[in-house]
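*Asks:* Pasting in a structure now, in structure tokens, and then I'll have a few things to ask.
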Amino acid sequence: MRRAVNLTSNAPDFNNIKKILVIKFRHIGDVLLSVPTIRALKDTFPGAEISVLVNSGTEDVLAGSPLIDELIVYDRKLKQMSLVARYFKEFLFLKKIRGKRFDMTVDLTGGDRAAVVSFVSGAKYRLVSDPGKKGFTGKRFLYTHLAEVDKTRHMALQNLDIVSQFGITTDNPDVDMFIPEDAESSVKTIFKQNGIMDGDTVVHVHPTSRWFFKCWKDEYMAEVLEWLIDKGLVVIVTSAPDKTEKDRTAGIMSLVSSRITPNRSRLVDLSGRTTIKELAAISAASSLFIGVDSAPMHIAAAVKTPVIALFGPTWDNLWGPYGNMNTVIVKQLPCKPCKKGSCADIPLRECMTAIKPDDVKEAVEKALKL
């Protein structure tokens, strides 16, 4: 492995850092995993103002964090505009970034847009994981500090590598999430309305992902839901507000046997009806979270609820729930990881169908000491 590179030859150590921009143009889970890096910046430069630039739709996962002074949101709808309108909006956006006069940028995205934003910001120090030959020609020269990241480590730690290699560190590489009082109050009301008592053991199940190739077999998930209820547990099912995810979750719920109708109050369907903060509050109020590789899985781990995560075509060592109190169920087939939506002509992924309901039940029994 090559060593981290400082492209500003003979440059002094970081000094006079008053304003820092962290760039993370990715999805909700990816943004949440940037928290340890943001904390390292806060610990190293306690007097600096930290801004974080994210895609629209992901900002709520960081909203209210005491580590952040400003959230800057990039409107992804710009891609739907005409070329002229889009370029004009992009110009105004870059002008806004330039006007903030950042002293340092930390690019946790690595994409071409983030490289341009970092350079145009005018920051004296611009850090990133060395892109090598990826992206446009000369891209790596838009930065001043290139980190050599260990690509086998969890993504939260890969992000942290980008700054720690240059002496920006923290004693607390934890991923956490701020939950406001209104979200906690809303969830308490939901629990009360559904007859959930303080002594009940609640399991939060989020069965879907925005990418269906990560999802488990619907019949298997329904079987686990039935089993949880038979065990006397309260099960709260959630999904994203996206229609495709709601429809898939509704399909799973329809498979749950009618024989549990007398216990229907033990199965609470909140599919598509929660905000990101409420989703976090539900996980925080639960004894266990069950789901696939998804943003809610990362959120549950961040609020310190034990997670049982089912992984198939994606890298569980990179994207698994962060922390020591979680369980990943994965079948290590020779074709993993592939990130494909199907196996040849088979619509369901063998790596996911190889995970059986008994695997999940065993993990639940161990986690809850049933």
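FYI, nothing fancy with the structure tokens labels: chains A, B, ... in order, residues from 1 per chain, ligands from 1 as they appear.
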Mind the document's chain letters and residue numbers, and return as a PyMOL selection string the residues of region 24-166 of chain A that DSSP labels helix (DSSP H, G or I).

*Replies:* chain A and resi 28-32+35-44+59-61+76-80+83-99+112-120+139-142+155-164

*Asks:* Emit the selected residues as a compact mmCIF listing (two decimals), in the first residue's frame, including C-alpha atoms.

*Replies:*
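That gives us part_19.txt:
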```
# COMPACT_ATOMS: atom_id res chain seq x y z
CA ILE A 28 -28.95 7.98 3.59
CA GLY A 29 -26.91 5.12 5.01
CA ASP A 30 -23.72 6.38 3.39
CA VAL A 31 -24.26 9.84 4.86
CA LEU A 32 -24.81 8.42 8.35
CA VAL A 35 -20.29 10.70 11.47
CA PRO A 36 -16.95 9.37 12.83
CA THR A 37 -15.09 11.54 10.32
CA ILE A 38 -17.10 14.61 11.27
CA ARG A 39 -16.40 13.91 14.94
CA ALA A 40 -12.66 13.64 14.23
CA LEU A 41 -12.77 17.06 12.57
CA LYS A 42 -14.70 18.50 15.53
CA ASP A 43 -12.26 17.00 18.04
CA THR A 44 -9.19 18.19 16.15
CA GLU A 59 -30.21 15.56 5.18
CA ASP A 60 -32.57 14.42 7.96
CA VAL A 61 -30.18 11.70 9.07
CA ARG A 76 -30.94 16.27 -7.06
CA LYS A 77 -33.88 17.52 -9.12
CA LEU A 78 -31.38 19.65 -11.03
CA LYS A 79 -30.73 16.56 -13.16
CA GLN A 80 -34.29 16.81 -14.50
CA LEU A 83 -29.21 21.63 -19.93
CA VAL A 84 -29.13 25.44 -19.87
CA ALA A 85 -31.22 25.72 -16.69
CA ARG A 86 -29.18 23.05 -14.99
CA TYR A 87 -25.84 24.67 -15.81
CA PHE A 88 -27.14 28.01 -14.55
CA LYS A 89 -28.30 26.47 -11.27
CA GLU A 90 -25.02 24.57 -10.93
CA PHE A 91 -23.10 27.81 -11.44
CA LEU A 92 -25.12 29.58 -8.74
CA PHE A 93 -24.58 26.64 -6.39
CA LEU A 94 -20.82 26.64 -6.92
CA LYS A 95 -20.76 30.41 -6.47
CA LYS A 96 -22.54 29.96 -3.14
CA ILE A 97 -19.96 27.38 -2.02
CA ARG A 98 -17.11 29.64 -3.11
CA GLY A 99 -18.60 32.53 -1.18
CA ASP A 112 -16.42 13.94 -10.21
CA ARG A 113 -19.00 16.46 -8.96
CA ALA A 114 -17.52 16.39 -5.46
CA ALA A 115 -14.05 16.94 -6.91
CA VAL A 116 -15.24 20.06 -8.74
CA VAL A 117 -17.02 21.38 -5.65
CA SER A 118 -13.95 20.80 -3.52
CA PHE A 119 -11.65 22.61 -5.94
CA VAL A 120 -14.01 25.49 -6.71
CA LYS A 139 -8.84 14.74 -11.09
CA ARG A 140 -6.45 13.80 -8.29
CA PHE A 141 -4.57 17.07 -8.78
CA LEU A 142 -7.64 19.06 -7.69
CA MET A 155 -17.05 2.15 5.16
CA ALA A 156 -17.27 4.19 8.37
CA LEU A 157 -13.58 3.47 8.96
CA GLN A 158 -12.65 4.05 5.32
CA ASN A 159 -14.17 7.52 5.65
CA LEU A 160 -12.22 8.08 8.84
CA ASP A 161 -8.99 6.98 7.13
CA ILE A 162 -9.23 9.97 4.81
CA VAL A 163 -8.56 12.37 7.67
CA SER A 164 -6.78 10.21 10.25
```

*Asks:* Can you tell me, as a tab-separated table (two decimals) with C-alpha atoms, in the first residue's frame, what residues are no more than 7 Å from Val303 (chain A) when counting only C-alpha atoms, ignoring any on the same chain fewer than 6 positions away?

*Replies:*
```tsv
chain	number	residue	atom	x	y	z
A	176	ASP	CA	-24.71	7.88	16.26
A	177	MET	CA	-27.82	9.81	15.29
A	280	ALA	CA	-34.89	6.16	14.38
A	284	ALA	CA	-34.46	3.23	19.71
```

*Asks:* Between CA of Ile229 (chain A) and CA of Thr189 (chain A), what is the distance, to one decimal in Å?

*Replies:*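 If I compute the distance from CA of Ile229 (chain A) to CA of Thr189 (chain A), I get 21.6 Å.
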
*Asks:* Quick one: of A:Val52, A:His27, A:Thr238, A:Leu228, who's nearest to Val256 (chain A), counting only C-alpha atoms?

*Replies:* A:Leu228

*Asks:* List every residue of region 48-116 of chain A that DSSP, applied to the backbone of this structure, places in strand (DSSP E or B), and write the result as a ChimeraX atom specification.

*Replies:* /A:49-55,70-74,104-107

*Asks:* Which residue gives the smallest distance to Val203 (chain A) among A:Ile236, A:Ala301, A:Ile308, A:Ile355, with only C-alpha atoms counted?

*Replies:*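 Once distances to Val203 (chain A) are computed over only C-alpha atoms, the minimum belongs to A:Ile236.
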
*Asks:* Give the answer as one residue: which of A:Leu225, A:Ala48, A:Leu267, A:Met81 has the shortest atom-to-atom distance to Ile252 (chain A), using only C-alpha atoms?

*Replies:*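 Closest to Ile252 (chain A), using only C-alpha atoms: A:Leu225.
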
*Asks:* Could the residues of region 157-248 of chain A that have an atom at most 12 Å from region 359-370 of chain A be listed as JSON lines, each with its closest atom pair and the distance in Å to one decimal, counting only C-alpha atoms and ordered by chain and ascending residue number?

*Replies:*
```
{"residue": "A:Thr201", "atom": "CA", "partner": "A:Leu368", "partner_atom": "CA", "distance": 9.0}
{"residue": "A:Val202", "atom": "CA", "partner": "A:Leu368", "partner_atom": "CA", "distance": 10.5}
{"residue": "A:Val203", "atom": "CA", "partner": "A:Val364", "partner_atom": "CA", "distance": 9.6}
{"residue": "A:His204", "atom": "CA", "partner": "A:Val364", "partner_atom": "CA", "distance": 11.9}
{"residue": "A:Val205", "atom": "CA", "partner": "A:Val364", "partner_atom": "CA", "distance": 11.9}
{"residue": "A:Trp216", "atom": "CA", "partner": "A:Val360", "partner_atom": "CA", "distance": 11.3}
{"residue": "A:Tyr220", "atom": "CA", "partner": "A:Val360", "partner_atom": "CA", "distance": 9.6}
{"residue": "A:Met221", "atom": "CA", "partner": "A:Val360", "partner_atom": "CA", "distance": 9.4}
{"residue": "A:Ala222", "atom": "CA", "partner": "A:Val360", "partner_atom": "CA", "distance": 12.0}
{"residue": "A:Glu223", "atom": "CA", "partner": "A:Lys361", "partner_atom": "CA", "distance": 9.9}
{"residue": "A:Val224", "atom": "CA", "partner": "A:Lys361", "partner_atom": "CA", "distance": 7.0}
{"residue": "A:Leu225", "atom": "CA", "partner": "A:Lys361", "partner_atom": "CA", "distance": 10.0}
{"residue": "A:Glu226", "atom": "CA", "partner": "A:Lys361", "partner_atom": "CA", "distance": 11.0}
{"residue": "A:Trp227", "atom": "CA", "partner": "A:Lys361", "partner_atom": "CA", "distance": 7.9}
{"residue": "A:Leu228", "atom": "CA", "partner": "A:Lys361", "partner_atom": "CA", "distance": 8.3}
{"residue": "A:Ile229", "atom": "CA", "partner": "A:Lys361", "partner_atom": "CA", "distance": 12.0}
{"residue": "A:Asp230", "atom": "CA", "partner": "A:Lys361", "partner_atom": "CA", "distance": 11.9}
{"residue": "A:Lys231", "atom": "CA", "partner": "A:Leu370", "partner_atom": "CA", "distance": 8.5}
{"residue": "A:Gly232", "atom": "CA", "partner": "A:Leu370", "partner_atom": "CA", "distance": 10.5}
{"residue": "A:Leu233", "atom": "CA", "partner": "A:Leu368", "partner_atom": "CA", "distance": 10.4}
```

*Asks:* Taking only C-alpha atoms into account, which of A:Leu255, A:Leu62, A:Leu67, A:Ala240 comes nearest Ser271 (chain A)?

*Replies:* A:Ala240

*Asks:* Tell me which protein, DNA and RNA residues are within 12 Å of Pro207 (chain A), counting only C-alpha atoms, leaving out same-chain ones fewer than 6 positions away, and put them as a PyMOL selection string.

*Replies:* chain A and resi 214-222+224-225+235-240+245-253+269+271+289-297+308-310

*Asks:* Using only C-alpha atoms, I'd like a table of the residues in region 89-147 of chain A that come within 12 Å of region 15-22 of chain A; for each, show the closest atom pair and its distance in Å rounded to one decimal, ordered by chain and ascending number, as a tab-separated table.

*Replies:*
```
residue	atom	partner	partner_atom	distance
A:Ile97	CA	A:Leu21	CA	9.2
A:Arg98	CA	A:Leu21	CA	11.0
A:Gly99	CA	A:Lys19	CA	11.9
A:Lys100	CA	A:Lys19	CA	8.4
A:Arg101	CA	A:Lys19	CA	7.4
A:Phe102	CA	A:Lys19	CA	4.9
A:Asp103	CA	A:Lys19	CA	5.3
A:Met104	CA	A:Ile20	CA	4.8
A:Thr105	CA	A:Leu21	CA	4.6
A:Val106	CA	A:Val22	CA	4.8
A:Asp107	CA	A:Val22	CA	6.0
A:Leu108	CA	A:Val22	CA	7.1
A:Thr109	CA	A:Val22	CA	9.4
A:Gly110	CA	A:Val22	CA	11.7
A:Ala114	CA	A:Val22	CA	9.9
A:Ala115	CA	A:Val22	CA	11.8
A:Val117	CA	A:Leu21	CA	10.0
A:Ser118	CA	A:Leu21	CA	8.4
A:Phe119	CA	A:Leu21	CA	11.5
A:Ser121	CA	A:Leu21	CA	8.9
A:Gly122	CA	A:Leu21	CA	11.1
A:Ala123	CA	A:Ile20	CA	8.6
A:Lys124	CA	A:Ile17	CA	9.5
A:Tyr125	CA	A:Ile17	CA	9.3
A:Arg126	CA	A:Leu21	CA	9.4
A:Leu127	CA	A:Val22	CA	9.5
A:Val128	CA	A:Val22	CA	10.3
```

*Asks:* Quote the spacing between CA of Asn326 (chain A) and CA of Thr305 (chain A) in Å to one decimal place.

*Replies:*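 Between CA of Asn326 (chain A) and CA of Thr305 (chain A) the gap is 8.3 Å.
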